[in-house]
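Everything on this sheet refers to the single structure shown next.
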Protein chains: 2
Amino acid sequence: MTPIKTIAREDMENIALGGAFLGTGGGGDPYIGKLIAEQAIDANGPVAVIDVEDLADDALVVPVAMMGAPTVMLEKLPRGDEAYSALRALEAVMGRKADAIFCIEAGGLNSTIPIAVAATAGLPIVDGDGMGRAFPELQMVSMTMAGVSACPMTMADEKGNAVTMNTVDNLSTEKFARSITVEMGGAGLIALYPMTGAQAKEAVLRGSMSLIHSIGRIIHEEQAANRNCSDRLAADLNGMRLFEGRVMDVDRKTTGGFARGKAVIEGLEGYAGQTMHLHFQNEFLVAETDDGTLLASTPDLICLLDLETGLPITTETMGYGFRVIVFGMPCDPAWRSEHGLQLVGPRYFGYEHDYVPIEDL
Amino acid sequence: MTPIKTIAREDMENIALGGAFLGTGGGGDPYIGKLIAEQAIDANGPVAVIDVEDLADDALVVPVAMMGAPTVMLEKLPRGDEAYSALRALEAVMGRKADAIFCIEAGGLNSTIPIAVAATAGLPIVDGDGMGRAFPELQMVSMTMAGVSACPMTMADEKGNAVTMNTVDNLSTEKFARSITVEMGGAGLIALYPMTGAQAKEAVLRGSMSLIHSIGRIIHEEQAANRNCSDRLAADLNGMRLFEGRVMDVDRKTTGGFARGKAVIEGLEGYAGQTMHLHFQNEFLVAETDDGTLLASTPDLICLLDLETGLPITTETMGYGFRVIVFGMPCDPAWRSEHGLQLVGPRYFGYEHDYVPIEDL
């Protein structure tokens with residue numbers, strides 16, 4: 001993994017690809033965020049990427065993101081400056097300007113939106129994130145494990161509505177904000193988890209922007225060479241091919257502000273005769289065979305790649321007949337702690353199995 | 001109607017009675033608010049009542065209220081100081097202290113909560129309100145007709161959660177705030193419609209605290225003299241007995257944060273053989289005979305009184321077998337304007353009739 005020091009227009013292609021991969025099926029379409037980031041970079045110049053250790057201890061670091069149903073996000077980004085409005089609103093609440101932007105989740109739309117905001121605000125972006133992937137709820141971040149409050153949090157929409165909240169804990173923040181996204185028409189732009197540089201050094205996962213960029217470069221290079229990227233990704237990321245097959249059925253419901261469901265995949269090639277079930281809540285959370293043998297489970301990453309091109313596939317676009325590779329990869333070790341598993345382990349999502357690391361399955 | 005200049009502990013009994021009457025069946029139980037106000041007056045002394053004309057043009061006037069399902073409110077008032085928290089939060093947003101408290105609706109719990117806040121904050125309360133009665137939604141106030149924004153608005157709950165919002169219009173404020181009350185467990189305390197004294201002089205309905213107190217006094221005096229108050233209220237308030245009967249059926253659902261439903265009342269005495277239907281959404285909104293003849297309609301007031309004692313009955317307590325007087329009374333003339341009827345006329349609530357003033361029915 002090569003550290004990335006600046007994000008220029010030409011880096012956005014790889015970042016969007018890497019963001020789609022780490023989105024683990026969710027987090028929204030990073031290519032929309034790519035367009036917005038490209039526009040912002042064209043207008044304001046490239047974005048500096050800084051190591052979290054380079055922050056002054058009293059610096060103000062602000063994560064920005066989009067929250068809500070990914071499908072709605074695509075329709076609701078006519079201007080792309082609502083996230084900047086959320087940042088400005090949070091700065092007003094804090095009584096000071098931000099010194100750096102931060103990416104709450106290194107997957108999907110939210111891997112690219114913060115770059116657009118950083119360009120527009122003329123601020124650097126920290127080489128890190130709060131998840132090392134995408135997760136569906138906003139309390140599911142390393143900052144929660146480090147005791148950092150999500151509040152004050154600000155939300156803005158494209159109509160001009162703005163909400164600020166201070167809640168008693170980060171799970172309450174998620175619940176309040178989720179219900180507000182519904183009133184905002186399904187999605188809103190948010191700024192939250194304001195941190196000092198000192199807090200950020202304790203709380204954030206390192207190197208995420210570099211990781212996204214490297215993954216995107218691998219996918220890109222392998223695609224250009226007409227090779228499927230999964231072998232090289234497996235070698236570089238300590239990941240593995242879990243399954244290959246054809247999507248036979250997708251059962252998808254939008255409930256409680258989430259896209260929840262299950263895909264059934266029938267094996268091809270070496271997996272012929274086997275069937276896999278892939279469960280998701282925005283993100284892919286559990287992969288198991290049809291007799292219930294666990295292959296991978298949240299918080300480890302489960303990504304879906306096109307069998308031919310290697311391009312990542314999201315839960316929204318996945319459909320009948322897709323020929324896919326199910327790819328697994330260990331999560332950041334922080335998620336394997338007791339606190340981490342309380343936040344994002346299988347039982348939090350209502351599954352009845354305990355977490356087993358992917359490399360032990 | 002005698003103007004009230006000070007609210008002391010001994011005035012709270014009549015204010016709660018008058019608030020129950022002007023609550024038109026909704027607005028929550030004013031007797032709970034009475035206990036909270038009595039405690040606040042005991043601790044801090046009586047509350048001065050001021051005429052809106054006595055406010056300096058640059059004074060800051062802040063209405064405070066409880067928002068949500070009345071049934072939940074009763075369970076959620078262990079401390080009674082959340083409304084004060086909402087006021088303090090709004091003062092922080094405004095960057096200045098309030099000079100006077102205001103009562104958004106002269107009915108139910110919200111006719112007494114502002115008195116408790118005024119006592120605690122050591123501030124006077126304006127002799128006025130925004131409805132001249134109770135209505136179920138927060139944009140249904142004279143301030144909306146005068147172009148005053150409900151925002152910035154603050155909300156607080158007993159757990160310590162706090163939300164501030166700035167929305168594009170007052171109907172959006174209602175929708176955002178309603179969904180937040182659900183996350184707050186069904187009800188929250190709010191401070192909103194911050195106004196200058198100059199704005200208040202344009203925007204508020206006059207004399208409401210005096211009116212509440214006078215109505216309560218009449219109910220009290222007539223009850224003490226073993227007379228039903230409805231004759232004297234009819235004479236003093238230009239109101240009328242619409243019906244007398246026995247509640248035979250109550251169909252009540254809690255949907256979208258409101259108690260909606262219909263009561264069927266069979267006539268007694270001079271009304272024997274007739275049946276009346278009483279429709280409500282928190283408040284009583286439409287009274288009609290079973291053949292669809294309109295007797296009274298929002299925004300005019302429809303109050304339910306006990307046939308024996310004359311005490312006001314709320315939509316929550318009303319039940320099978322209650323012997324009642326249905327009492328009607330003209331609303332504040334402001335509601336009969338085109339803008340007023342857009343906000344609170346029968347069609348806003350989904351009824352298919354046009355408004356006809358009660359005195360013409």
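Lettering and numbering for the structure tokens are positional, with chains as A, B, ... in the shown order, residues counted from 1 in each chain, and ligands counted from 1 in the shown order.
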Would you list the contacts of A:Asn110 as a PyMOL selection string, taking every protein, DNA or RNA residue within 8 Å and counting only C-alpha atoms, but skipping same-chain residues closer than 4 positions in sequence? chain A and resi 27-28+30+33+65-66+103-106+114
Output as a Markdown table one row per residue of chain A within 12 Å of chain B: the closest atom pair and its distance in Å to one decimal place, counting only C-alpha atoms, sorted by chain and residue number ascending.
```
| residue | atom | partner | partner_atom | distance |
| --- | --- | --- | --- | --- |
| A:Ala89 | CA | B:Asn166 | CA | 10.7 |
| A:Leu90 | CA | B:Thr164 | CA | 11.9 |
| A:Ala92 | CA | B:Val93 | CA | 10.2 |
| A:Val93 | CA | B:Val93 | CA | 8.7 |
| A:Met94 | CA | B:Val93 | CA | 11.8 |
| A:Gly95 | CA | B:Val93 | CA | 11.7 |
| A:Cys151 | CA | B:Ala162 | CA | 10.2 |
| A:Pro152 | CA | B:Val163 | CA | 9.5 |
| A:Met153 | CA | B:Val163 | CA | 9.5 |
| A:Thr154 | CA | B:Thr164 | CA | 9.2 |
| A:Met155 | CA | B:Met165 | CA | 9.3 |
| A:Ala156 | CA | B:Asn166 | CA | 9.5 |
| A:Asp157 | CA | B:Thr167 | CA | 9.8 |
| A:Glu158 | CA | B:Val168 | CA | 10.6 |
| A:Lys159 | CA | B:Val168 | CA | 7.2 |
| A:Gly160 | CA | B:Val168 | CA | 6.0 |
| A:Asn161 | CA | B:Thr167 | CA | 4.3 |
| A:Ala162 | CA | B:Asn166 | CA | 5.1 |
| A:Val163 | CA | B:Met165 | CA | 4.2 |
| A:Thr164 | CA | B:Thr164 | CA | 4.9 |
| A:Met165 | CA | B:Val163 | CA | 4.2 |
| A:Asn166 | CA | B:Ala162 | CA | 5.1 |
| A:Thr167 | CA | B:Asn161 | CA | 4.3 |
| A:Val168 | CA | B:Asn161 | CA | 5.6 |
| A:Asp169 | CA | B:Asn161 | CA | 8.8 |
| A:Asn170 | CA | B:Asn161 | CA | 11.0 |
| A:Leu171 | CA | B:Glu183 | CA | 11.5 |
| A:Ser172 | CA | B:Asn161 | CA | 8.3 |
| A:Thr173 | CA | B:Asn161 | CA | 8.9 |
| A:Glu174 | CA | B:Glu183 | CA | 10.3 |
| A:Lys175 | CA | B:Glu183 | CA | 6.8 |
| A:Phe176 | CA | B:Glu183 | CA | 6.0 |
| A:Ala177 | CA | B:Ile180 | CA | 8.8 |
| A:Arg178 | CA | B:Glu183 | CA | 9.6 |
| A:Ser179 | CA | B:Ser179 | CA | 6.4 |
| A:Ile180 | CA | B:Phe176 | CA | 6.4 |
| A:Thr181 | CA | B:Phe176 | CA | 9.4 |
| A:Val182 | CA | B:Ser179 | CA | 8.8 |
| A:Glu183 | CA | B:Phe176 | CA | 6.0 |
| A:Met184 | CA | B:Phe176 | CA | 8.3 |
| A:Gly185 | CA | B:Phe176 | CA | 10.9 |
```
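Taking atom CA of A:Val49 and atom CA of A:Lys201 as the two end points, the separation is 15.3 Å.
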Which is closest to A:Gly186 among A:Leu55, A:Leu305, A:Ala69, A:Val264, if we use only C-alpha atoms?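 The closest residue to A:Gly186 is A:Ala69.
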Selected residue of minimal separation from A:Ala224 among A:Ser149, A:Gln274, A:Ser142, A:Thr309, counting only C-alpha atoms: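 That would be A:Thr309, the residue with the smallest distance to A:Ala224.
Minimum atom-to-atom distances from A:Ala118, A:Ile125, A:Ala263, A:Leu205 to A:Met143 were compared using only C-alpha atoms, and the lowest value belongs to A:Leu205.
Straight-line separation from atom CA of B:Thr24 to atom CA of B:Met140: 14.8 Å.
Note that the spacing between atom CA of A:Ala43 and atom CA of A:Asp81 amounts to 12.8 Å.
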Filtered DSSP result for stretch 167-287 of chain B, state alpha helix (DSSP H), as a PyMOL selection string: chain B and resi 170-183+197-203+208-224+230-237
Write out as a PDB file with N, CA, C and O atoms, in the first residue's frame all residues of stretch 263-350 of chain B that backbone DSSP assigns to strand (DSSP E or B).
```pdb
ATOM      1  N   ALA B 263     -66.325   9.862  18.271  1.00  0.00           N
ATOM      2  CA  ALA B 263     -67.219   9.418  19.336  1.00  0.00           C
ATOM      3  C   ALA B 263     -68.650   9.507  18.820  1.00  0.00           C
ATOM      4  O   ALA B 263     -68.998  10.434  18.084  1.00  0.00           O
ATOM      5  N   VAL B 264     -69.463   8.542  19.210  1.00  0.00           N
ATOM      6  CA  VAL B 264     -70.890   8.561  18.875  1.00  0.00           C
ATOM      7  C   VAL B 264     -71.664   8.843  20.158  1.00  0.00           C
ATOM      8  O   VAL B 264     -71.460   8.172  21.178  1.00  0.00           O
ATOM      9  N   ILE B 265     -72.522   9.860  20.109  1.00  0.00           N
ATOM     10  CA  ILE B 265     -73.256  10.288  21.306  1.00  0.00           C
ATOM     11  C   ILE B 265     -74.761  10.233  21.024  1.00  0.00           C
ATOM     12  O   ILE B 265     -75.233  10.831  20.048  1.00  0.00           O
ATOM     13  N   GLU B 266     -75.496   9.519  21.859  1.00  0.00           N
ATOM     14  CA  GLU B 266     -76.951   9.424  21.704  1.00  0.00           C
ATOM     15  C   GLU B 266     -77.633  10.457  22.584  1.00  0.00           C
ATOM     16  O   GLU B 266     -77.319  10.574  23.774  1.00  0.00           O
ATOM     17  N   GLY B 267     -78.582  11.173  21.996  1.00  0.00           N
ATOM     18  CA  GLY B 267     -79.222  12.300  22.676  1.00  0.00           C
ATOM     19  C   GLY B 267     -80.000  11.915  23.931  1.00  0.00           C
ATOM     20  O   GLY B 267     -80.565  10.834  24.035  1.00  0.00           O
ATOM     21  N   THR B 275     -78.716  11.454  17.239  1.00  0.00           N
ATOM     22  CA  THR B 275     -77.357  10.944  17.449  1.00  0.00           C
ATOM     23  C   THR B 275     -76.351  11.942  16.879  1.00  0.00           C
ATOM     24  O   THR B 275     -76.567  12.495  15.796  1.00  0.00           O
ATOM     25  N   MET B 276     -75.287  12.172  17.617  1.00  0.00           N
ATOM     26  CA  MET B 276     -74.231  13.080  17.154  1.00  0.00           C
ATOM     27  C   MET B 276     -72.915  12.338  16.998  1.00  0.00           C
ATOM     28  O   MET B 276     -72.598  11.450  17.785  1.00  0.00           O
ATOM     29  N   HIS B 277     -72.157  12.720  15.972  1.00  0.00           N
ATOM     30  CA  HIS B 277     -70.799  12.195  15.784  1.00  0.00           C
ATOM     31  C   HIS B 277     -69.806  13.320  16.054  1.00  0.00           C
ATOM     32  O   HIS B 277     -69.961  14.432  15.536  1.00  0.00           O
ATOM     33  N   LEU B 278     -68.804  12.982  16.836  1.00  0.00           N
ATOM     34  CA  LEU B 278     -67.808  13.972  17.235  1.00  0.00           C
ATOM     35  C   LEU B 278     -66.443  13.447  16.766  1.00  0.00           C
ATOM     36  O   LEU B 278     -65.972  12.421  17.241  1.00  0.00           O
ATOM     37  N   HIS B 279     -65.827  14.164  15.799  1.00  0.00           N
ATOM     38  CA  HIS B 279     -64.551  13.724  15.228  1.00  0.00           C
ATOM     39  C   HIS B 279     -63.403  14.478  15.900  1.00  0.00           C
ATOM     40  O   HIS B 279     -63.528  15.676  16.159  1.00  0.00           O
ATOM     41  N   PHE B 280     -62.311  13.773  16.137  1.00  0.00           N
ATOM     42  CA  PHE B 280     -61.179  14.454  16.782  1.00  0.00           C
ATOM     43  C   PHE B 280     -59.828  14.023  16.223  1.00  0.00           C
ATOM     44  O   PHE B 280     -59.690  12.917  15.675  1.00  0.00           O
ATOM     45  N   GLN B 281     -58.879  14.930  16.277  1.00  0.00           N
ATOM     46  CA  GLN B 281     -57.449  14.638  16.099  1.00  0.00           C
ATOM     47  C   GLN B 281     -56.768  15.370  17.248  1.00  0.00           C
ATOM     48  O   GLN B 281     -56.521  16.577  17.157  1.00  0.00           O
ATOM     49  N   GLU B 283     -57.612  17.231  19.394  1.00  0.00           N
ATOM     50  CA  GLU B 283     -58.721  18.124  19.725  1.00  0.00           C
ATOM     51  C   GLU B 283     -60.003  17.679  18.999  1.00  0.00           C
ATOM     52  O   GLU B 283     -59.935  17.027  17.955  1.00  0.00           O
ATOM     53  N   PHE B 284     -61.153  18.101  19.557  1.00  0.00           N
ATOM     54  CA  PHE B 284     -62.419  17.903  18.838  1.00  0.00           C
ATOM     55  C   PHE B 284     -62.460  18.857  17.645  1.00  0.00           C
ATOM     56  O   PHE B 284     -62.257  20.063  17.807  1.00  0.00           O
ATOM     57  N   LEU B 285     -62.732  18.324  16.463  1.00  0.00           N
ATOM     58  CA  LEU B 285     -62.642  19.147  15.255  1.00  0.00           C
ATOM     59  C   LEU B 285     -63.982  19.327  14.545  1.00  0.00           C
ATOM     60  O   LEU B 285     -64.214  20.374  13.940  1.00  0.00           O
ATOM     61  N   VAL B 286     -64.839  18.330  14.554  1.00  0.00           N
ATOM     62  CA  VAL B 286     -66.110  18.420  13.828  1.00  0.00           C
ATOM     63  C   VAL B 286     -67.206  17.751  14.655  1.00  0.00           C
ATOM     64  O   VAL B 286     -67.027  16.637  15.162  1.00  0.00           O
ATOM     65  N   ALA B 287     -68.354  18.451  14.768  1.00  0.00           N
ATOM     66  CA  ALA B 287     -69.549  17.867  15.388  1.00  0.00           C
ATOM     67  C   ALA B 287     -70.639  17.851  14.333  1.00  0.00           C
ATOM     68  O   ALA B 287     -70.940  18.886  13.725  1.00  0.00           O
ATOM     69  N   GLU B 288     -71.220  16.667  14.098  1.00  0.00           N
ATOM     70  CA  GLU B 288     -72.300  16.577  13.109  1.00  0.00           C
ATOM     71  C   GLU B 288     -73.319  15.546  13.572  1.00  0.00           C
ATOM     72  O   GLU B 288     -73.017  14.664  14.379  1.00  0.00           O
ATOM     73  N   THR B 289     -74.550  15.664  13.049  1.00  0.00           N
ATOM     74  CA  THR B 289     -75.564  14.660  13.350  1.00  0.00           C
ATOM     75  C   THR B 289     -75.273  13.419  12.505  1.00  0.00           C
ATOM     76  O   THR B 289     -74.452  13.458  11.582  1.00  0.00           O
ATOM     77  N   LEU B 294     -73.962  19.444   9.724  1.00  0.00           N
ATOM     78  CA  LEU B 294     -72.859  20.017  10.485  1.00  0.00           C
ATOM     79  C   LEU B 294     -73.394  20.875  11.628  1.00  0.00           C
ATOM     80  O   LEU B 294     -74.285  21.709  11.428  1.00  0.00           O
ATOM     81  N   LEU B 295     -72.841  20.689  12.830  1.00  0.00           N
ATOM     82  CA  LEU B 295     -73.241  21.507  13.981  1.00  0.00           C
ATOM     83  C   LEU B 295     -72.137  22.478  14.386  1.00  0.00           C
ATOM     84  O   LEU B 295     -72.412  23.576  14.866  1.00  0.00           O
ATOM     85  N   ALA B 296     -70.899  22.057  14.198  1.00  0.00           N
ATOM     86  CA  ALA B 296     -69.755  22.933  14.484  1.00  0.00           C
ATOM     87  C   ALA B 296     -68.532  22.319  13.829  1.00  0.00           C
ATOM     88  O   ALA B 296     -68.440  21.095  13.687  1.00  0.00           O
ATOM     89  N   SER B 297     -67.604  23.178  13.434  1.00  0.00           N
ATOM     90  CA  SER B 297     -66.436  22.698  12.705  1.00  0.00           C
ATOM     91  C   SER B 297     -65.218  23.530  13.046  1.00  0.00           C
ATOM     92  O   SER B 297     -65.329  24.737  13.289  1.00  0.00           O
ATOM     93  N   LEU B 301     -64.580  26.333  18.327  1.00  0.00           N
ATOM     94  CA  LEU B 301     -64.263  25.450  19.442  1.00  0.00           C
ATOM     95  C   LEU B 301     -65.405  24.485  19.732  1.00  0.00           C
ATOM     96  O   LEU B 301     -66.569  24.897  19.783  1.00  0.00           O
ATOM     97  N   ILE B 302     -65.053  23.237  19.929  1.00  0.00           N
ATOM     98  CA  ILE B 302     -66.009  22.224  20.366  1.00  0.00           C
ATOM     99  C   ILE B 302     -65.476  21.645  21.672  1.00  0.00           C
ATOM    100  O   ILE B 302     -64.374  21.079  21.695  1.00  0.00           O
ATOM    101  N   CYS B 303     -66.223  21.852  22.767  1.00  0.00           N
ATOM    102  CA  CYS B 303     -65.771  21.388  24.075  1.00  0.00           C
ATOM    103  C   CYS B 303     -66.775  20.371  24.600  1.00  0.00           C
ATOM    104  O   CYS B 303     -67.968  20.444  24.309  1.00  0.00           O
ATOM    105  N   LEU B 304     -66.259  19.439  25.388  1.00  0.00           N
ATOM    106  CA  LEU B 304     -67.127  18.422  25.964  1.00  0.00           C
ATOM    107  C   LEU B 304     -67.139  18.637  27.477  1.00  0.00           C
ATOM    108  O   LEU B 304     -66.087  18.710  28.112  1.00  0.00           O
ATOM    109  N   LEU B 305     -68.362  18.784  28.034  1.00  0.00           N
ATOM    110  CA  LEU B 305     -68.485  19.030  29.474  1.00  0.00           C
ATOM    111  C   LEU B 305     -69.308  17.914  30.099  1.00  0.00           C
ATOM    112  O   LEU B 305     -70.248  17.405  29.478  1.00  0.00           O
ATOM    113  N   ASP B 306     -68.968  17.591  31.324  1.00  0.00           N
ATOM    114  CA  ASP B 306     -69.761  16.603  32.056  1.00  0.00           C
ATOM    115  C   ASP B 306     -71.160  17.176  32.303  1.00  0.00           C
ATOM    116  O   ASP B 306     -71.320  18.325  32.730  1.00  0.00           O
ATOM    117  N   PRO B 312     -64.727  19.976  32.164  1.00  0.00           N
ATOM    118  CA  PRO B 312     -64.309  19.612  30.804  1.00  0.00           C
ATOM    119  C   PRO B 312     -63.805  18.170  30.738  1.00  0.00           C
ATOM    120  O   PRO B 312     -63.166  17.684  31.676  1.00  0.00           O
ATOM    121  N   ARG B 323     -72.064  10.921  30.371  1.00  0.00           N
ATOM    122  CA  ARG B 323     -73.186  11.801  30.031  1.00  0.00           C
ATOM    123  C   ARG B 323     -72.613  13.202  29.866  1.00  0.00           C
ATOM    124  O   ARG B 323     -71.993  13.740  30.788  1.00  0.00           O
ATOM    125  N   VAL B 324     -72.815  13.775  28.706  1.00  0.00           N
ATOM    126  CA  VAL B 324     -72.033  14.967  28.327  1.00  0.00           C
ATOM    127  C   VAL B 324     -72.892  16.072  27.707  1.00  0.00           C
ATOM    128  O   VAL B 324     -73.988  15.823  27.188  1.00  0.00           O
ATOM    129  N   ILE B 325     -72.334  17.282  27.779  1.00  0.00           N
ATOM    130  CA  ILE B 325     -72.827  18.421  27.003  1.00  0.00           C
ATOM    131  C   ILE B 325     -71.787  18.713  25.930  1.00  0.00           C
ATOM    132  O   ILE B 325     -70.593  18.826  26.238  1.00  0.00           O
ATOM    133  N   VAL B 326     -72.202  18.807  24.693  1.00  0.00           N
ATOM    134  CA  VAL B 326     -71.305  19.273  23.633  1.00  0.00           C
ATOM    135  C   VAL B 326     -71.526  20.777  23.513  1.00  0.00           C
ATOM    136  O   VAL B 326     -72.651  21.231  23.273  1.00  0.00           O
ATOM    137  N   PHE B 327     -70.456  21.519  23.732  1.00  0.00           N
ATOM    138  CA  PHE B 327     -70.542  22.978  23.819  1.00  0.00           C
ATOM    139  C   PHE B 327     -69.750  23.576  22.666  1.00  0.00           C
ATOM    140  O   PHE B 327     -68.619  23.155  22.397  1.00  0.00           O
ATOM    141  N   GLY B 328     -70.333  24.539  21.965  1.00  0.00           N
ATOM    142  CA  GLY B 328     -69.634  25.184  20.859  1.00  0.00           C
ATOM    143  C   GLY B 328     -69.406  26.655  21.129  1.00  0.00           C
ATOM    144  O   GLY B 328     -70.139  27.274  21.910  1.00  0.00           O
ATOM    145  N   MET B 329     -68.390  27.213  20.445  1.00  0.00           N
ATOM    146  CA  MET B 329     -68.010  28.602  20.729  1.00  0.00           C
ATOM    147  C   MET B 329     -67.209  29.140  19.543  1.00  0.00           C
ATOM    148  O   MET B 329     -66.383  28.410  18.976  1.00  0.00           O
TER     149      MET B 329
END
```
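Nearest to B:Met131 of all the residues B:Ile215, B:Ala8, B:Val344, B:Ala234 is B:Val344, counting only C-alpha atoms.
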Identify, on the basis of only C-alpha atoms, every residue whose closest approach to A:Leu123 does not exceed 8 Å; exclude the query and any residue fewer than 4 positions from it along the same chain; express the result as a PyMOL selection string. chain A and resi 47-48+99-101+118-119
Which is closest to A:Ala83 among A:Leu233, A:Val250, A:Ala191, A:Leu35, if we use only C-alpha atoms?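 Distance minimum relative to A:Ala83 lands on A:Ala191.
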